[in-house]
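Undergrad: Following this message is one structure expressed as structure tokens.
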Amino acid sequence: MEKEWKSSTRQNYSIAIDGPAGAGKSSVSKEIAKRLGIVYIDTGAMYRAFGLYYLKNNLSLDSEKIVNMNVPNVIIELKNEDGLNKIYLNHEDVSQEIRSEDASRGASKVSVYPKVREKMVKLQQEISSKTNVIMDGRDIGTVVLPNATLKIYLTASVDERAKRRYKEQTEKGLNVNLEDIKKDIEERDYRDMHRSVSPLKQASDAILLDTSNLTQEEVVDEILNLCRKRDIK
Ligand code: DC
């Protein structure tokens with residue numbers, strides 16, 4: 001009885017941020033988490049780490065049978081160390097490794113399999129049932145947290161997203177081409193929006209926020225305003 005009372009009156013809230021690649025979801029979510037003092041869950045990082053398991057063990061990501069057989073062997077853990085979000089794959093810190101192009105391609109392949117998504121969604125729901133979270137991804141408002149306190153669909157034009165990525169990459173000293181980046185974004189959008197399981201789409205009760213002409217600070221302010229309207233402070 002005591003347990004039931006506790007869980008039914010707990011006041012956890014959740015903020016769901018979905019949208020295409022390069023819309024600014026992770027930087028905005030990180031900043032909001034900091035301002036509200038809540039946990040930020042990067043679900044893309046979870047799929048990246050999941051895919052990495054197969055790459056590291058030379059297992060095919062093209063065979064659903066092989067992927068499914070190995071799902072029970074993949075352990076993903078999220079930790080906060082000295083204020084930094086870390087992701088562990090089978091007890092190894094892979095926070096840096098998941099940012100490689102190979103890991104990105106691996107994530108894109110592994111995330112289409114229902115058994116993989118089932119395991120990740122369960123973990124994401126478990127975390128959000130214990131604490132206040134802001135979670136970003138592709139299926140948060142539609143599948144993972146259908147009852148989220150606030151749902152945002154963050155987007156920006158393909159041109160703007162390509163320009164942002166180009167700036168980011170050139171600042172890192174990488175030699176990249178704007179047209180190639182644009183093509184890559186268009187392809188990723190198509191894949192994310194047209195896959196059969198949990199495709200990227202705006203939840204019917206999500207608020208659309210086009211960030212094409214907004215600075216990061218303006219986007220953060222706008223979301224914090226929407227949070228206050230839902231009593232999230
Ligand atoms: O956001 P990102 O680039 O880190 O995501 C990596 C891949 O994972 C990308 O191909 C989309 C996929 N993904 C997903 O299918 N569902 C999520 N909730 C988050 C990411």
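Following the order of the structure tokens, first chain is A, next is B, and so on, with residues numbered from 1 inside each chain and ligands from 1 in the order they appear.
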Taking only C-alpha atoms and all ligand atoms and a cut-off of 7 Å, can you tell me which residues surround ligand 1, written as a PyMOL selection string?

TA: chain A and resi 21+43-45+47-48+104-105+107-108+111-112+136-140+192

Undergrad: Skip range 73-79 of chain A itself and residues of its chain fewer than 2 positions away, then list as a ChimeraX atom specification all residues within 12 Å of it, counting only C-alpha atoms.

TA: /A:39-43,45-54,56-57,66-71,81-95,115-116,119-124,127

Undergrad: If you measure from CA of Ala206 in chain A to CA of Leu145 in chain A, what distance in Å do you get, rounded to one decimal?

TA: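 Interatomic distance, CA of Ala206 in chain A to CA of Leu145 in chain A: 11.6 Å.
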
Undergrad: Using only C-alpha atoms, find the one residue out of A:Asp205, A:Asp210, A:Glu97, A:Glu64 that sits nearest to Gly24 in chain A.

TA: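 Looking only at the distances to Gly24 in chain A, the closest residue turns out to be A:Asp210.
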
Undergrad: Would you list, as a PyMOL selection string, the residues of range 100-151 of chain A that end up in helix (DSSP H, G or I) under DSSP run on this structure's backbone?

TA: chain A and resi 101-110+114-130+140-144

Undergrad: Which residues in range 35-229 of chain A does DSSP call strand (DSSP E or B)? List them as number ranges by chain.

TA: A: 39-42, 76-81, 84-89, 92-93, 133-137, 150-155, 207-210

Undergrad: Take the residues from that selection and write them out as a compact mmCIF listing (two decimals), in the first residue's frame, keeping C-alpha atoms.

TA:
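Resulting contents of part-v6.txt:
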# COMPACT_ATOMS: atom_id res chain seq x y z
CA VAL A 39 19.24 14.46 -16.03
CA TYR A 40 19.92 14.61 -19.77
CA ILE A 41 19.53 11.36 -21.70
CA ASP A 42 21.02 11.25 -25.19
CA ILE A 76 24.59 -0.19 -21.99
CA GLU A 77 25.00 2.01 -18.91
CA LEU A 78 24.74 5.76 -18.50
CA LYS A 79 26.76 7.42 -15.77
CA ASN A 80 27.41 10.94 -14.63
CA GLU A 81 31.06 11.48 -13.72
CA LEU A 84 29.83 14.82 -17.45
CA ASN A 85 27.54 12.27 -19.10
CA LYS A 86 29.39 9.05 -19.87
CA ILE A 87 28.23 6.00 -21.74
CA TYR A 88 29.53 2.51 -21.06
CA LEU A 89 29.36 -0.52 -23.32
CA GLU A 92 33.98 0.09 -20.99
CA ASP A 93 33.72 3.86 -21.37
CA VAL A 133 14.65 13.95 -17.35
CA ILE A 134 15.08 15.72 -20.62
CA MET A 135 15.52 13.07 -23.30
CA ASP A 136 16.32 13.60 -26.96
CA GLY A 137 16.05 11.28 -29.94
CA LEU A 150 6.35 18.65 -22.48
CA LYS A 151 7.08 17.48 -26.03
CA ILE A 152 9.08 19.52 -28.49
CA TYR A 153 9.75 18.76 -32.14
CA LEU A 154 12.92 20.65 -32.95
CA THR A 155 13.77 21.21 -36.58
CA ILE A 207 5.16 21.75 -30.10
CA LEU A 208 7.00 22.48 -33.33
CA LEU A 209 10.03 24.71 -32.96
CA ASP A 210 11.87 25.72 -36.13

Undergrad: Name the residues in contact with range 32-37 of chain A at a cut-off of 10 Å, using only C-alpha atoms, excluding same-chain residues fewer than 5 positions from it; report them as a ChimeraX atom specification.

TA: /A:15,26-27,83,132-135,219-221,223-224,227,232-233

Undergrad: Pick the closest to Arg161 in chain A from A:Ser198, A:Thr211, A:Ser14, A:Ser63: which is it, counting only C-alpha atoms?

TA: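 Among the listed residues, the smallest separation from Arg161 in chain A belongs to A:Thr211.
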
Undergrad: For Leu55 in chain A, work out the shell of residues within 9 Å, counting only C-alpha atoms and skipping chain neighbours fewer than 5 positions away, then give it as a PDB file with all heavy atoms, in the first residue's frame.

TA:
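Contents of around05.pdb, as written:
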ATOM      1  N   SER A  60      27.974  -9.035 -38.038  1.00  0.00           N
ATOM      2  CA  SER A  60      27.268  -8.324 -39.101  1.00  0.00           C
ATOM      3  C   SER A  60      26.063  -7.551 -38.566  1.00  0.00           C
ATOM      4  O   SER A  60      25.257  -8.062 -37.795  1.00  0.00           O
ATOM      5  CB  SER A  60      26.788  -9.321 -40.148  1.00  0.00           C
ATOM      6  OG  SER A  60      25.926  -8.672 -41.037  1.00  0.00           O
ATOM      7  N   LEU A  61      25.959  -6.307 -39.030  1.00  0.00           N
ATOM      8  CA  LEU A  61      24.777  -5.501 -38.676  1.00  0.00           C
ATOM      9  C   LEU A  61      23.723  -5.592 -39.769  1.00  0.00           C
ATOM     10  O   LEU A  61      22.683  -4.958 -39.684  1.00  0.00           O
ATOM     11  CB  LEU A  61      25.197  -4.038 -38.470  1.00  0.00           C
ATOM     12  CG  LEU A  61      25.756  -3.706 -37.088  1.00  0.00           C
ATOM     13  CD1 LEU A  61      26.459  -2.365 -37.084  1.00  0.00           C
ATOM     14  CD2 LEU A  61      24.634  -3.717 -36.043  1.00  0.00           C
ATOM     15  N   ASP A 102      32.128   5.712 -38.143  1.00  0.00           N
ATOM     16  CA  ASP A 102      31.767   4.286 -38.151  1.00  0.00           C
ATOM     17  C   ASP A 102      30.644   4.016 -37.151  1.00  0.00           C
ATOM     18  O   ASP A 102      29.684   3.311 -37.438  1.00  0.00           O
ATOM     19  CB  ASP A 102      32.982   3.417 -37.763  1.00  0.00           C
ATOM     20  CG  ASP A 102      33.899   3.200 -38.943  1.00  0.00           C
ATOM     21  OD1 ASP A 102      33.516   3.577 -40.061  1.00  0.00           O
ATOM     22  OD2 ASP A 102      35.010   2.656 -38.731  1.00  0.00           O
ATOM     23  N   ALA A 103      30.785   4.600 -35.955  1.00  0.00           N
ATOM     24  CA  ALA A 103      29.772   4.393 -34.921  1.00  0.00           C
ATOM     25  C   ALA A 103      28.442   4.997 -35.357  1.00  0.00           C
ATOM     26  O   ALA A 103      27.367   4.454 -35.076  1.00  0.00           O
ATOM     27  CB  ALA A 103      30.230   4.999 -33.602  1.00  0.00           C
ATOM     28  N   GLY A 106      26.944   2.634 -37.741  1.00  0.00           N
ATOM     29  CA  GLY A 106      26.508   1.453 -36.986  1.00  0.00           C
ATOM     30  C   GLY A 106      25.188   1.726 -36.271  1.00  0.00           C
ATOM     31  O   GLY A 106      24.283   0.883 -36.276  1.00  0.00           O
TER      32      GLY A 106
END
